[in-house]
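Data block below; observations after.
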Amino acid sequence: ERPNISVDLGNLILSDSTSYEGLDKAGILEKTKSNFVYLLKSLYSMMRSGAEVDYDRPMFEVDLPEGNTVFPRQRPLPKVKPLTKWEQYRIEKGMPAKRKRSRMVWDEITKDWVPRWGYKGIKQIREKAEWVIEEKPGESFTEDPFTIRKREKKLKNEKQKMRELKNKMRAQGEHPRDAAKKEISQTLRIAQSSTASMGNFDKKAHKKEDLKVTKKREKVDPEAVRKQGEKDRNMKIFNFVNKKRKGLDSHRAEAMANEEMNKSQQKIAKKKKLIGKNRKQFFQRKNETKK
């Protein structure tokens with residue numbers, strides 16, 4: 001036993017707490033070798049004795065114990081995957097867990113190893129190789145048996161998808177029956193509010209209370225609101241000015257408006273005249289340069 005060394009065989013970790021100060025490269029290498037030999041001896045001490053030897057396993061195979069070194073995690077622990085309905089039933093009945101089967105199987109038709117499922121699987125190969133279907137006693141085919149088989153296979157796949165969907169709903173804490181009730185309630189709510197009277201004079205469902213119909217809020221255009229607000233604000237200013245000027249009558253207001261309009265028209269005409277004059281001078285200069 002070496003008091004300064006702790007060994008965690010579960011994680012194959014050896015910790016040496018002695019000081020390496022003052023050692024050169026050769027001394028550090030020698031110490032590392034001795035620590036490695038100590039770790040190997042600890043592993044050899046766990047090997048089975050002659051009476052416990054299992055000849056179906058490798059000679060130097062060792063079952064490591066549980067590790068006692070705690071490592072920090074970068075991410076949180078994964079959540080426990082919820083059990084499916086079949087797994088719950090299997091545990092309740094004490095049935096053994098389903099063993100994982102190999103992916104590749106031997107196919108007698110192709111004389112080769114093929115996938116157990118999926119693309120070019122053994123089932124697909126057997127279906128292609130089967131060119132005739134025997135009619136069993138009590139069966140009478142009224143249509144193509146291959147079409148019947150294809151339809152049954154499609155139905156089986158749909159049922160499996162439905163089972164997977166129900167398992168996902170159970171995992172989220174929602175029972176499929178509750179989801180069906182919600183869907184029926186939603187359909188009933190739509191049906192009650194689909195008439196002209198919004199269901200006020202219609203016959204109600206048996207033992208069902210009136211379902212509350214929530215009115216849909218109308219979307220408001222922010223641009224329209226802004227324009228309306230601006231108009232209201234201008235009207236308030238106009239009314240305020242109107243109250244201050246009590247002597248201001250409609251005729252005078254009209255005259256003032258006409259005067260403002262005439263001024264603006266005069267400005268526009270003056271500007272057009274100036275532009276025309278500048279154009280005339282420009283073309284005169286251009287003709288002079290050509291000459």
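Order determines the names: the first chain of the structure tokens is A, the second B, and so forth; residues in each chain are numbered 1 upward, and ligands are numbered 1 upward as they are shown.
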Surrounding residues of Leu43 in chain A excluding itself and chain neighbours under 5 positions, 9 Å, only C-alpha atoms, as number ranges by chain:
A: 9, 38, 62, 64
When you look at Leu39 in chain A with a cut-off of 9 Å (counting only C-alpha atoms), what residues show up, excluding the ones that are within fewer than 5 positions of it in the same chain? I need them as a PDB file with all heavy atoms, in the first residue's frame.
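New file out.pdb:
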ATOM      1  N   VAL A   7      -6.539   5.219  -5.941  1.00  0.00           N
ATOM      2  CA  VAL A   7      -6.867   4.583  -7.227  1.00  0.00           C
ATOM      3  C   VAL A   7      -8.386   4.479  -7.352  1.00  0.00           C
ATOM      4  O   VAL A   7      -9.066   4.029  -6.433  1.00  0.00           O
ATOM      5  CB  VAL A   7      -6.225   3.183  -7.332  1.00  0.00           C
ATOM      6  CG1 VAL A   7      -6.571   2.543  -8.669  1.00  0.00           C
ATOM      7  CG2 VAL A   7      -4.713   3.286  -7.175  1.00  0.00           C
ATOM      8  N   LEU A   9     -10.545   2.507  -9.772  1.00  0.00           N
ATOM      9  CA  LEU A   9     -10.522   1.513 -10.850  1.00  0.00           C
ATOM     10  C   LEU A   9     -11.743   1.616 -11.757  1.00  0.00           C
ATOM     11  O   LEU A   9     -11.669   1.226 -12.925  1.00  0.00           O
ATOM     12  CB  LEU A   9     -10.438   0.104 -10.250  1.00  0.00           C
ATOM     13  CG  LEU A   9      -9.103  -0.254  -9.579  1.00  0.00           C
ATOM     14  CD1 LEU A   9      -9.176  -1.641  -8.954  1.00  0.00           C
ATOM     15  CD2 LEU A   9      -7.961  -0.198 -10.588  1.00  0.00           C
ATOM     16  N   LEU A  12     -10.507   4.116 -14.034  1.00  0.00           N
ATOM     17  CA  LEU A  12      -9.084   3.907 -14.385  1.00  0.00           C
ATOM     18  C   LEU A  12      -8.278   5.187 -14.158  1.00  0.00           C
ATOM     19  O   LEU A  12      -7.564   5.680 -15.038  1.00  0.00           O
ATOM     20  CB  LEU A  12      -8.943   3.436 -15.835  1.00  0.00           C
ATOM     21  CG  LEU A  12      -9.557   2.074 -16.164  1.00  0.00           C
ATOM     22  CD1 LEU A  12      -9.407   1.755 -17.646  1.00  0.00           C
ATOM     23  CD2 LEU A  12      -8.925   0.974 -15.326  1.00  0.00           C
ATOM     24  N   ILE A  13      -8.427   5.730 -12.925  1.00  0.00           N
ATOM     25  CA  ILE A  13      -7.729   6.971 -12.551  1.00  0.00           C
ATOM     26  C   ILE A  13      -6.826   6.692 -11.349  1.00  0.00           C
ATOM     27  O   ILE A  13      -7.242   6.045 -10.382  1.00  0.00           O
ATOM     28  CB  ILE A  13      -8.726   8.086 -12.188  1.00  0.00           C
ATOM     29  CG1 ILE A  13      -9.562   8.463 -13.414  1.00  0.00           C
ATOM     30  CG2 ILE A  13      -8.021   9.312 -11.638  1.00  0.00           C
ATOM     31  CD1 ILE A  13     -10.653   9.459 -13.117  1.00  0.00           C
ATOM     32  N   LEU A  14      -5.574   7.154 -11.430  1.00  0.00           N
ATOM     33  CA  LEU A  14      -4.624   7.065 -10.329  1.00  0.00           C
ATOM     34  C   LEU A  14      -4.171   8.469  -9.980  1.00  0.00           C
ATOM     35  O   LEU A  14      -3.702   9.217 -10.854  1.00  0.00           O
ATOM     36  CB  LEU A  14      -3.445   6.175 -10.704  1.00  0.00           C
ATOM     37  CG  LEU A  14      -2.417   5.915  -9.589  1.00  0.00           C
ATOM     38  CD1 LEU A  14      -1.920   4.483  -9.647  1.00  0.00           C
ATOM     39  CD2 LEU A  14      -1.244   6.875  -9.683  1.00  0.00           C
ATOM     40  N   SER A  34       6.302   3.843 -12.373  1.00  0.00           N
ATOM     41  CA  SER A  34       5.968   3.101 -11.161  1.00  0.00           C
ATOM     42  C   SER A  34       4.482   3.235 -10.818  1.00  0.00           C
ATOM     43  O   SER A  34       3.840   2.262 -10.380  1.00  0.00           O
ATOM     44  CB  SER A  34       6.815   3.595  -9.987  1.00  0.00           C
ATOM     45  OG  SER A  34       6.504   4.938  -9.681  1.00  0.00           O
ATOM     46  N   TYR A  44      -4.882  -6.479 -11.985  1.00  0.00           N
ATOM     47  CA  TYR A  44      -4.627  -7.920 -11.956  1.00  0.00           C
ATOM     48  C   TYR A  44      -5.169  -8.561 -10.683  1.00  0.00           C
ATOM     49  O   TYR A  44      -5.568  -9.731 -10.674  1.00  0.00           O
ATOM     50  CB  TYR A  44      -3.125  -8.197 -12.088  1.00  0.00           C
ATOM     51  CG  TYR A  44      -2.639  -8.239 -13.512  1.00  0.00           C
ATOM     52  CD1 TYR A  44      -1.798  -7.239 -14.005  1.00  0.00           C
ATOM     53  CD2 TYR A  44      -3.025  -9.272 -14.361  1.00  0.00           C
ATOM     54  CE1 TYR A  44      -1.360  -7.265 -15.318  1.00  0.00           C
ATOM     55  CE2 TYR A  44      -2.590  -9.296 -15.683  1.00  0.00           C
ATOM     56  CZ  TYR A  44      -1.766  -8.288 -16.147  1.00  0.00           C
ATOM     57  OH  TYR A  44      -1.336  -8.314 -17.445  1.00  0.00           O
TER      58      TYR A  44
END
Can you tell me, as a list in words, what residues are no more than 6 Å from range 115-119 of chain A when counting only C-alpha atoms, ignoring any on the same chain fewer than 2 positions away?
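The neighbour list is Arg103, Met104, Val105, Gly121 and Ile122 of chain A.
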Can you tell me which residues surround range 149-162 of chain A at a distance of at most 12 Å, considering only C-alpha atoms, apart from same-chain residues fewer than 6 positions away, and format the answer as a ChimeraX atom specification?
/A:127,133,141,143,168-169,176
